[in-house]
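Novice: Pasting upload.cif here (mmCIF, C-alpha atoms):
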data_run
#
loop_
_atom_site.label_atom_id
_atom_site.label_comp_id
_atom_site.auth_asym_id
_atom_site.auth_seq_id
_atom_site.Cartn_x
_atom_site.Cartn_y
_atom_site.Cartn_z
CA GLN A 7 68.15 -146.79 109.37
CA HIS A 8 71.77 -147.09 108.25
CA TYR A 9 73.70 -145.51 105.42
CA TYR A 10 77.14 -146.42 104.31
CA LEU A 11 79.51 -144.37 102.20
CA ARG A 12 81.99 -146.05 99.84
CA PRO A 13 84.76 -143.56 98.98
CA THR A 14 87.10 -146.37 97.87
CA GLN A 15 86.61 -149.99 98.91
CA ASN A 16 85.94 -149.54 102.63
CA TYR A 17 82.52 -149.12 104.18
CA CYS A 18 81.65 -146.98 107.19
CA PHE A 19 78.27 -147.25 108.89
CA PHE A 20 76.43 -144.58 110.81
CA SER A 21 72.88 -144.17 112.10
CA LEU A 22 70.64 -141.15 111.41
CA PRO A 23 67.22 -140.16 112.71
CA GLN A 24 64.31 -140.38 110.28
CA SER A 25 63.84 -136.58 110.08
CA LEU A 26 67.47 -136.06 109.11
CA THR A 27 67.47 -138.79 106.49
CA MET A 28 64.48 -137.09 104.84
CA LYS A 29 66.40 -133.80 104.66
CA ILE A 30 69.48 -135.54 103.29
CA SER A 31 67.36 -137.29 100.65
CA SER A 32 65.88 -133.96 99.57
CA LEU A 33 69.34 -132.46 99.31
CA ILE A 34 70.65 -135.38 97.28
CA PHE A 35 67.67 -135.30 94.95
CA SER A 36 68.45 -131.69 94.10
CA LEU A 37 71.93 -132.74 92.94
CA PRO A 38 72.72 -134.44 89.61
CA LEU A 39 72.26 -138.12 90.37
CA PHE A 40 73.23 -141.12 88.29
CA LEU A 41 73.34 -144.90 88.46
CA ASN A 42 76.53 -146.91 88.28
CA ALA A 43 76.81 -150.41 86.84
CA GLN A 44 75.64 -151.92 90.15
CA ASN A 45 72.50 -149.72 90.22
CA GLU A 46 73.94 -147.67 93.06
CA VAL A 47 72.93 -144.03 93.17
CA GLY A 48 75.89 -141.67 92.86
CA VAL A 49 76.23 -137.92 93.25
CA ARG A 50 78.33 -136.11 90.69
CA GLY A 51 80.95 -133.89 92.24
CA PHE A 52 82.11 -136.19 95.04
CA THR A 53 85.87 -136.68 95.36
CA ASN A 54 87.27 -138.95 92.60
CA SER A 55 83.70 -139.64 91.39
CA HIS A 56 83.68 -143.04 93.11
CA ALA A 57 81.51 -142.19 96.09
CA PHE A 58 78.13 -143.86 96.20
CA LEU A 59 75.38 -143.50 98.75
CA ARG A 60 73.41 -146.63 99.40
CA LYS A 61 70.71 -147.45 101.88
CA SER A 62 70.71 -150.56 104.09
CA TYR A 63 67.70 -151.82 105.99
CA SER A 64 67.70 -153.76 109.24
CA SER A 65 64.60 -155.75 108.26
CA ALA A 66 64.18 -158.55 105.71
CA SER A 67 62.03 -156.24 103.57
CA THR A 68 65.19 -154.76 102.14
CA CYS A 69 65.28 -157.66 99.70
CA ASN A 70 62.39 -155.99 97.87
CA GLN A 71 64.32 -152.81 97.21
CA ARG A 72 63.35 -151.36 93.81
CA MET A 73 66.05 -151.79 91.20
CA VAL A 74 66.13 -150.01 87.85
CA THR A 75 68.22 -151.18 84.93
CA SER A 76 69.47 -149.07 82.06
CA SER A 77 67.59 -151.24 79.56
CA ALA A 78 64.30 -150.58 81.37
CA LEU A 79 64.90 -146.83 81.23
CA ASN A 80 65.96 -146.93 77.59
CA ALA A 81 62.77 -148.74 76.67
CA GLU A 82 60.81 -145.74 77.90
CA ASN A 83 62.73 -143.37 75.59
CA LEU A 84 63.44 -140.93 78.40
CA THR A 85 65.34 -137.70 78.14
CA PRO A 86 68.62 -137.67 80.12
CA GLU A 87 67.04 -135.57 82.88
CA LEU A 88 63.93 -137.74 83.11
CA GLU A 89 66.09 -140.85 83.20
CA MET A 90 68.07 -139.45 86.11
CA MET A 91 64.96 -138.45 88.05
CA THR A 92 63.19 -141.74 87.35
CA ALA A 93 66.16 -143.67 88.70
CA ALA A 94 66.35 -141.42 91.75
CA PHE A 95 62.65 -141.86 92.54
CA ALA A 96 62.87 -145.62 92.01
CA ARG A 97 65.69 -145.89 94.56
CA MET A 98 63.56 -144.30 97.29
CA PRO A 99 62.40 -146.87 99.85
CA ASP A 100 58.74 -145.89 100.28
CA GLU A 101 55.84 -143.90 98.87
CA LYS A 102 56.05 -141.32 101.62
CA LEU A 103 59.53 -140.29 100.57
CA ARG A 104 58.51 -140.10 96.92
CA TYR A 105 55.57 -137.89 97.92
CA LYS A 106 57.98 -135.66 99.82
CA GLN A 107 60.18 -135.37 96.75
CA LEU A 108 57.24 -134.29 94.60
CA MET A 109 56.54 -131.59 97.19
CA PHE A 110 60.19 -130.58 96.99
CA LEU A 111 60.00 -130.30 93.19
CA ALA A 112 56.81 -128.25 93.46
CA GLN A 113 58.55 -125.79 95.79
CA LYS A 114 61.47 -125.42 93.38
CA LEU A 115 59.31 -124.87 90.27
CA ALA A 116 59.92 -121.44 88.76
CA PRO A 117 56.81 -119.18 88.85
CA MET A 118 54.74 -119.14 85.69
CA PRO A 119 53.93 -115.66 84.34
CA GLU A 120 50.28 -114.82 84.88
CA ASN A 121 49.81 -113.78 81.25
CA LEU A 122 50.55 -117.38 80.22
CA LYS A 123 47.79 -118.83 82.40
CA ILE A 124 45.23 -118.77 79.62
CA ASP A 125 42.78 -121.32 78.24
CA ALA A 126 45.11 -122.13 75.34
CA ASN A 127 47.70 -123.38 77.87
CA LYS A 128 45.26 -125.18 80.15
CA VAL A 129 45.61 -128.95 80.41
CA PRO A 130 42.24 -130.71 79.97
CA GLY A 131 41.05 -133.55 82.16
CA CYS A 132 42.92 -132.62 85.37
CA LEU A 133 41.38 -132.56 88.84
CA SER A 134 43.41 -129.43 89.59
CA THR A 135 43.88 -126.44 87.31
CA VAL A 136 47.07 -126.97 85.31
CA HIS A 137 48.74 -124.67 82.80
CA VAL A 138 51.81 -125.46 80.70
CA HIS A 139 53.47 -123.37 78.02
CA ALA A 140 56.17 -124.29 75.51
CA THR A 141 58.69 -122.03 73.80
CA LEU A 142 61.27 -122.84 71.16
CA ASP A 143 64.92 -121.96 71.65
CA ASP A 144 66.34 -121.63 68.15
CA SER A 145 69.67 -120.26 69.35
CA VAL A 146 70.95 -123.85 69.27
CA GLU A 147 70.90 -126.40 66.47
CA PRO A 148 68.68 -128.31 66.40
CA PRO A 149 66.21 -126.01 68.21
CA VAL A 150 65.01 -127.26 71.61
CA VAL A 151 61.79 -126.81 73.52
CA ASN A 152 61.56 -125.27 77.01
CA TYR A 153 58.55 -125.29 79.32
CA THR A 154 57.00 -123.34 82.13
CA GLY A 155 54.00 -124.51 84.13
CA ASP A 156 51.92 -124.28 87.27
CA SER A 157 49.01 -125.86 89.14
CA ASP A 158 46.82 -124.88 92.07
CA GLY A 159 47.24 -128.39 93.54
CA ILE A 160 50.51 -129.05 95.38
CA LEU A 161 50.89 -132.70 94.34
CA THR A 162 49.87 -131.91 90.78
CA LYS A 163 52.33 -129.04 90.79
CA GLY A 164 55.05 -131.53 91.69
CA LEU A 165 54.12 -133.60 88.65
CA VAL A 166 54.19 -130.48 86.50
CA ALA A 167 57.64 -129.65 87.88
CA LEU A 168 58.82 -133.19 87.13
CA LEU A 169 57.76 -132.88 83.48
CA VAL A 170 58.94 -129.29 83.05
CA ARG A 171 62.38 -130.21 84.36
CA GLY A 172 62.52 -133.54 82.58
CA LEU A 173 61.38 -132.43 79.12
CA SER A 174 62.89 -128.95 78.80
CA GLY A 175 66.00 -128.59 76.71
CA ASN A 176 65.10 -131.35 74.25
CA THR A 177 63.85 -131.41 70.67
CA ALA A 178 60.20 -132.03 69.86
CA GLU A 179 61.21 -135.33 68.29
CA VAL A 180 62.86 -136.55 71.50
CA ILE A 181 59.97 -135.33 73.65
CA ASP A 182 57.39 -137.03 71.44
CA LYS A 183 59.07 -140.42 71.95
CA VAL A 184 58.86 -140.32 75.78
CA THR A 185 56.43 -142.94 77.07
CA PRO A 186 54.40 -142.37 80.25
CA ASP A 187 55.49 -145.75 81.66
CA PHE A 188 58.33 -144.09 83.54
CA VAL A 189 55.85 -142.95 86.20
CA ASN A 190 55.39 -146.63 87.09
CA THR A 191 59.11 -147.37 86.94
CA ALA A 192 59.75 -144.46 89.29
CA GLY A 193 57.12 -145.75 91.72
CA ILE A 194 55.22 -142.45 91.56
CA SER A 195 52.00 -143.97 90.22
CA ALA A 196 51.39 -145.65 93.59
CA SER A 197 50.94 -142.19 95.11
CA LEU A 198 48.42 -141.10 92.47
CA THR A 199 44.69 -141.58 92.42
CA PRO A 200 43.16 -142.71 89.10
CA GLY A 201 42.06 -139.12 88.49
CA ARG A 202 45.55 -137.71 89.08
CA ASN A 203 47.09 -140.46 86.94
CA ASN A 204 44.81 -139.48 84.05
CA GLY A 205 45.74 -135.86 84.67
CA PHE A 206 49.41 -136.78 84.45
CA LEU A 207 48.85 -138.51 81.10
CA ASN A 208 47.01 -135.42 79.84
CA MET A 209 49.88 -133.19 80.95
CA LEU A 210 52.42 -135.25 79.04
CA ALA A 211 50.17 -135.38 75.96
CA THR A 212 49.60 -131.61 76.06
CA MET A 213 53.32 -130.90 76.40
CA LYS A 214 54.10 -133.18 73.47
CA LYS A 215 51.47 -131.40 71.39
CA GLN A 216 52.86 -127.98 72.30
CA ALA A 217 56.39 -129.07 71.44
CA ASN A 218 55.31 -130.20 67.99
CA GLU A 219 53.26 -127.05 67.43
CA VAL A 220 55.98 -124.55 68.34
CA THR A 221 58.54 -126.48 66.28
CA ALA A 222 56.24 -126.80 63.27
CA GLY A 223 55.25 -123.14 63.61
CA ALA A 224 58.86 -122.01 63.56
CA THR A 225 59.57 -124.21 60.54
CA THR A 226 56.54 -122.86 58.67
CA ALA A 227 57.47 -119.28 59.54
CA ALA A 228 61.03 -119.81 58.33
CA THR A 229 59.77 -121.42 55.11
CA ASN A 230 57.31 -118.58 54.49
CA GLU A 231 60.02 -116.04 55.14
CA GLU A 232 62.31 -117.74 52.65
CA GLU A 233 59.51 -117.92 50.09
CA ASN A 234 58.64 -114.24 50.64
CA ILE A 235 62.27 -113.25 50.24
CA SER A 236 62.53 -115.41 47.13
CA SER A 237 59.31 -113.99 45.66
CA ALA A 238 60.31 -110.45 46.48
CA SER A 239 63.66 -110.89 44.73
CA ILE A 240 62.24 -112.22 41.45
CA VAL A 241 62.27 -109.69 38.64
CA THR A 242 58.74 -109.23 37.31
CA SER A 243 58.99 -106.09 35.18
CA PHE A 244 61.36 -103.82 33.27
CA ASP A 245 61.43 -100.38 31.72
CA GLU A 246 60.49 -100.63 28.08
CA GLN A 247 62.66 -98.61 25.74
CA GLU A 248 61.02 -96.71 22.91
CA GLY A 249 62.19 -97.64 19.44
CA ARG A 250 63.88 -100.87 20.61
CA PRO A 251 61.39 -103.67 19.87
CA VAL A 252 63.97 -106.48 19.94
CA TYR A 253 65.30 -105.46 23.35
CA ASN A 254 61.77 -105.16 24.75
CA ALA A 255 60.72 -108.54 23.32
CA MET A 256 63.81 -110.29 24.73
CA MET A 257 63.36 -108.82 28.21
CA LEU A 258 59.67 -109.65 28.37
CA THR A 259 60.19 -113.24 27.22
CA LEU A 260 63.12 -113.97 29.53
CA ILE A 261 61.37 -112.47 32.60
CA ASN A 262 58.11 -114.34 32.01
CA PHE A 263 59.68 -117.74 31.35
CA LEU A 264 62.82 -117.83 33.54
CA LYS A 265 61.66 -115.81 36.58
CA PRO A 266 65.14 -114.37 37.13
CA THR A 267 66.32 -112.82 40.38
CA SER A 268 68.60 -110.60 38.32
CA ILE A 269 68.72 -109.72 34.63
CA ASN A 270 70.77 -107.25 32.65
CA LEU A 271 70.51 -107.06 28.85
CA LEU A 272 73.02 -104.77 27.19
CA ASP A 273 72.74 -103.70 23.53
CA ASN A 274 76.29 -103.62 22.11
CA SER A 275 75.20 -103.11 18.49
CA HIS A 276 77.00 -99.78 18.20
CA GLN A 277 80.32 -101.52 18.93
CA HIS A 278 79.92 -103.64 15.80
CA ALA A 279 79.05 -100.97 13.28
CA GLY A 280 80.31 -101.95 9.82
CA HIS A 281 80.54 -105.67 10.69
CA ALA A 282 78.56 -108.26 8.83
CA GLY A 283 75.06 -108.47 10.28
CA SER A 284 75.51 -105.30 12.26
CA LYS A 285 72.28 -103.83 10.93
CA GLY A 286 70.22 -106.66 12.41
CA TYR A 287 66.59 -105.70 13.02
CA ASP A 288 66.54 -101.93 12.72
CA GLY A 289 70.05 -101.66 14.16
CA GLU A 290 69.58 -104.09 17.11
CA SER A 291 72.12 -106.82 16.29
CA HIS A 292 74.46 -107.62 19.18
CA PHE A 293 73.43 -108.22 22.80
CA GLU A 294 75.15 -109.22 26.03
CA LEU A 295 72.93 -110.99 28.61
CA GLU A 296 73.69 -111.50 32.32
CA ILE A 297 70.95 -113.44 34.05
CA VAL A 298 70.53 -115.18 37.42
CA ALA A 299 67.70 -117.69 37.92
CA GLU A 300 66.85 -120.75 40.03
CA CYS A 301 65.88 -122.70 36.91
CA PHE A 302 69.55 -123.03 35.96
CA GLU A 303 70.18 -125.24 38.99
CA GLY A 304 71.65 -128.58 37.88
CA LEU A 305 72.11 -127.50 34.25
CA ALA A 306 75.50 -127.41 32.56
CA LEU A 307 76.58 -124.14 30.95
CA VAL A 308 75.76 -125.38 27.44
CA LYS A 309 72.30 -126.50 28.54
CA ARG A 310 71.61 -123.10 30.08
CA HIS A 311 72.50 -121.37 26.81
CA GLN A 312 70.34 -123.80 24.85
CA LEU A 313 67.42 -123.09 27.17
CA ILE A 314 67.74 -119.36 26.57
CA TYR A 315 68.00 -119.82 22.79
CA THR A 316 64.89 -122.01 22.82
CA ILE A 317 62.90 -119.52 24.90
CA LEU A 318 63.87 -116.61 22.63
CA GLY A 319 62.79 -118.75 19.65
CA GLU A 320 61.45 -116.40 16.96
CA ILE A 321 63.56 -113.49 18.25
CA MET A 322 66.96 -115.14 17.66
CA PRO A 323 66.86 -114.90 13.82
CA LYS A 324 66.48 -111.12 14.17
CA ILE A 325 69.86 -110.62 15.89
CA HIS A 326 73.41 -111.44 14.87
CA ALA A 327 75.03 -112.37 18.22
CA LEU A 328 74.06 -112.98 21.85
CA GLN A 329 76.70 -113.30 24.56
CA ILE A 330 75.35 -115.07 27.67
CA LYS A 331 76.34 -115.32 31.33
CA ALA A 332 73.80 -117.50 33.13
CA LYS A 333 74.16 -118.35 36.83
CA THR A 334 72.14 -119.60 39.80
CA PRO A 335 71.62 -117.49 42.97
CA GLU A 336 73.86 -119.91 44.90
CA GLU A 337 76.67 -119.41 42.40
CA VAL A 338 76.38 -115.66 42.70
CA SER A 339 76.45 -115.80 46.52
CA GLY A 340 79.51 -118.02 46.41
CA LYS A 341 77.82 -120.99 48.14
CA VAL A 342 78.61 -123.20 45.14
CA GLU A 343 81.08 -122.90 42.31
CA ALA A 344 79.74 -121.66 38.99
#
Translate the structure of the given file into structure tokens.
Specialist:
Amino acid sequence: QHYYLRPTQNYCFFSLPQSLTMKISSLIFSLPLFLNAQNEVGVRGFTNSHAFLRKSYSSASTCNQRMVTSSALNAENLTPELEMMTAAFARMPDEKLRYKQLMFLAQKLAPMPENLKIDANKVPGCLSTVHVHATLDDSVEPPVVNYTGDSDGILTKGLVALLVRGLSGNTAEVIDKVTPDFVNTAGISASLTPGRNNGFLNMLATMKKQANEVTAGATTAATNEEENISSASIVTSFDEQEGRPVYNAMMLTLINFLKPTSINLLDNSHQHAGHAGSKGYDGESHFELEIVAECFEGLALVKRHQLIYTILGEIMPKIHALQIKAKTPEEVSGKVEA
């Protein structure tokens, strides 16, 4: 078998024994591979990024070398990592080498914590026992899903490793779009029995389901937390003041109808003693209201005042003046201008 290295435009040929080529292939597969425009496999990090390793065969069978185009990979909606690995597998000359690479991936798979090997994480319909577990990393935006997994079968463990490595670090939406056809494009399906192929499909389906569940769970939890915070911040009661029926009636009406997050009603009647209308209803004539409520969202200042006047209805004729400051929670926090 011959390999030739193209650092610029010149080719140099050298022969290697089969055992050594297998080791080199394993080493290359562990590096970040990519395809250039000519479907040649490249290794990132080589000098000037123009070095490509290609395989040449001495027999006529080399004409059947598997080629993978970018359009074929895109049609399978692969993640960047899965696309790279699919292309790398597809470039391998025979099933034996692909099998070896699955063994290599199985050996490199990080151990799965024993406490995660539970029935809830068990993949159904597999010949071997397979566990996979998804977690959500919300330290980035949008949040991404990461996996851990294991199997008691070495070949199956290689498939688990392929999916764990290929799907981790992506959103649930991206993961859900991945089609299982890439296993055929990569040439891996030829090494799988019908039972293992079904197991592979079940693994992918389970991992998609877990991704959607952890993402939906986090969204629901965040929504519930926001709702709890919002509910907890709504004013639902006040301290009634003896001998001040107008104040008590105004507070009760505004709290029940507007569900404010903050309300402060100040009786300024004493500041207007001697003015026309200062007597009001038993001395309660002038009030200053500061209120914050979600219901003011989208309403102009005049409309907010009209809403308050309407709600107070029968109470308004009993007072002489009401000064109003009505805002939304966002305006108070400074997120939007009042």
Novice: CA of Phe188 in chain A and CA of Arg97 in chain A, how far apart in Å?
Specialist: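 Straight-line distance from CA of Arg97 in chain A to CA of Phe188 in chain A works out to 13.4 Å.
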Novice: Applied to this file, what does the PyMOL selection byres ((chain A and resi 210) around 10) return in terms of residues, put as a list in words?
Specialist: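 This file gives the following for the PyMOL selection byres ((chain A and resi 210) around 10): Val129, Val138, Leu165, Val166, Leu169, Val170, Leu173, Ile181, Asp182, Val184, Thr185, Pro186, Gly205, Phe206, Leu207, Asn208, Met209, Ala211, Thr212, Met213, Lys214, Lys215 and Gln216 of chain A.
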Novice: Restricting the output to C-alpha atoms, write the selected residues as a compact mmCIF listing (two decimals), keeping the file's coordinate frame.
Specialist:
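For reference, selection_37.txt as written:
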# COMPACT_ATOMS: atom_id res chain seq x y z
CA VAL A 129 45.61 -128.95 80.41
CA VAL A 138 51.81 -125.46 80.70
CA LEU A 165 54.12 -133.60 88.65
CA VAL A 166 54.19 -130.48 86.50
CA LEU A 169 57.76 -132.88 83.48
CA VAL A 170 58.94 -129.29 83.05
CA LEU A 173 61.38 -132.43 79.12
CA ILE A 181 59.97 -135.33 73.65
CA ASP A 182 57.39 -137.03 71.44
CA VAL A 184 58.86 -140.32 75.78
CA THR A 185 56.43 -142.94 77.07
CA PRO A 186 54.40 -142.37 80.25
CA GLY A 205 45.74 -135.86 84.67
CA PHE A 206 49.41 -136.78 84.45
CA LEU A 207 48.85 -138.51 81.10
CA ASN A 208 47.01 -135.42 79.84
CA MET A 209 49.88 -133.19 80.95
CA ALA A 211 50.17 -135.38 75.96
CA THR A 212 49.60 -131.61 76.06
CA MET A 213 53.32 -130.90 76.40
CA LYS A 214 54.10 -133.18 73.47
CA LYS A 215 51.47 -131.40 71.39
CA GLN A 216 52.86 -127.98 72.30
Novice: With only C-alpha atoms as the atoms that count, which of A:Val298, A:Leu260, A:Leu88, A:Leu122 lies nearest to Lys331 in chain A?
Specialist: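 Of A:Val298, A:Leu260, A:Leu88, A:Leu122, the one nearest Lys331 in chain A, counting only C-alpha atoms, is A:Val298.
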Novice: For His276 in chain A, find every residue with an atom within 9 Å (counting only C-alpha atoms), except residues of its own chain fewer than 6 positions away, and show them as a list in words.
Specialist: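 The contact residues come out as Ser284, Gly289, Glu290, Ser291 and His292 of chain A.
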Novice: Find the residue from A:Glu101, A:Cys132, A:Ser174, A:Glu147 that sits nearest to Thr85 in chain A; use only C-alpha atoms when measuring.
Specialist: A:Ser174
Novice: List the spatial neighbours of Leu328 in chain A as a PyMOL selection string - criterion: any atom at most 8 Å away, only C-alpha atoms, same-chain residues fewer than 3 positions off excluded.
Specialist: chain A and resi 292-295+325
Novice: Do you have the CA of Ala217 in chain A-CA of Leu142 in chain A distance handy?
Specialist: 7.9 Å
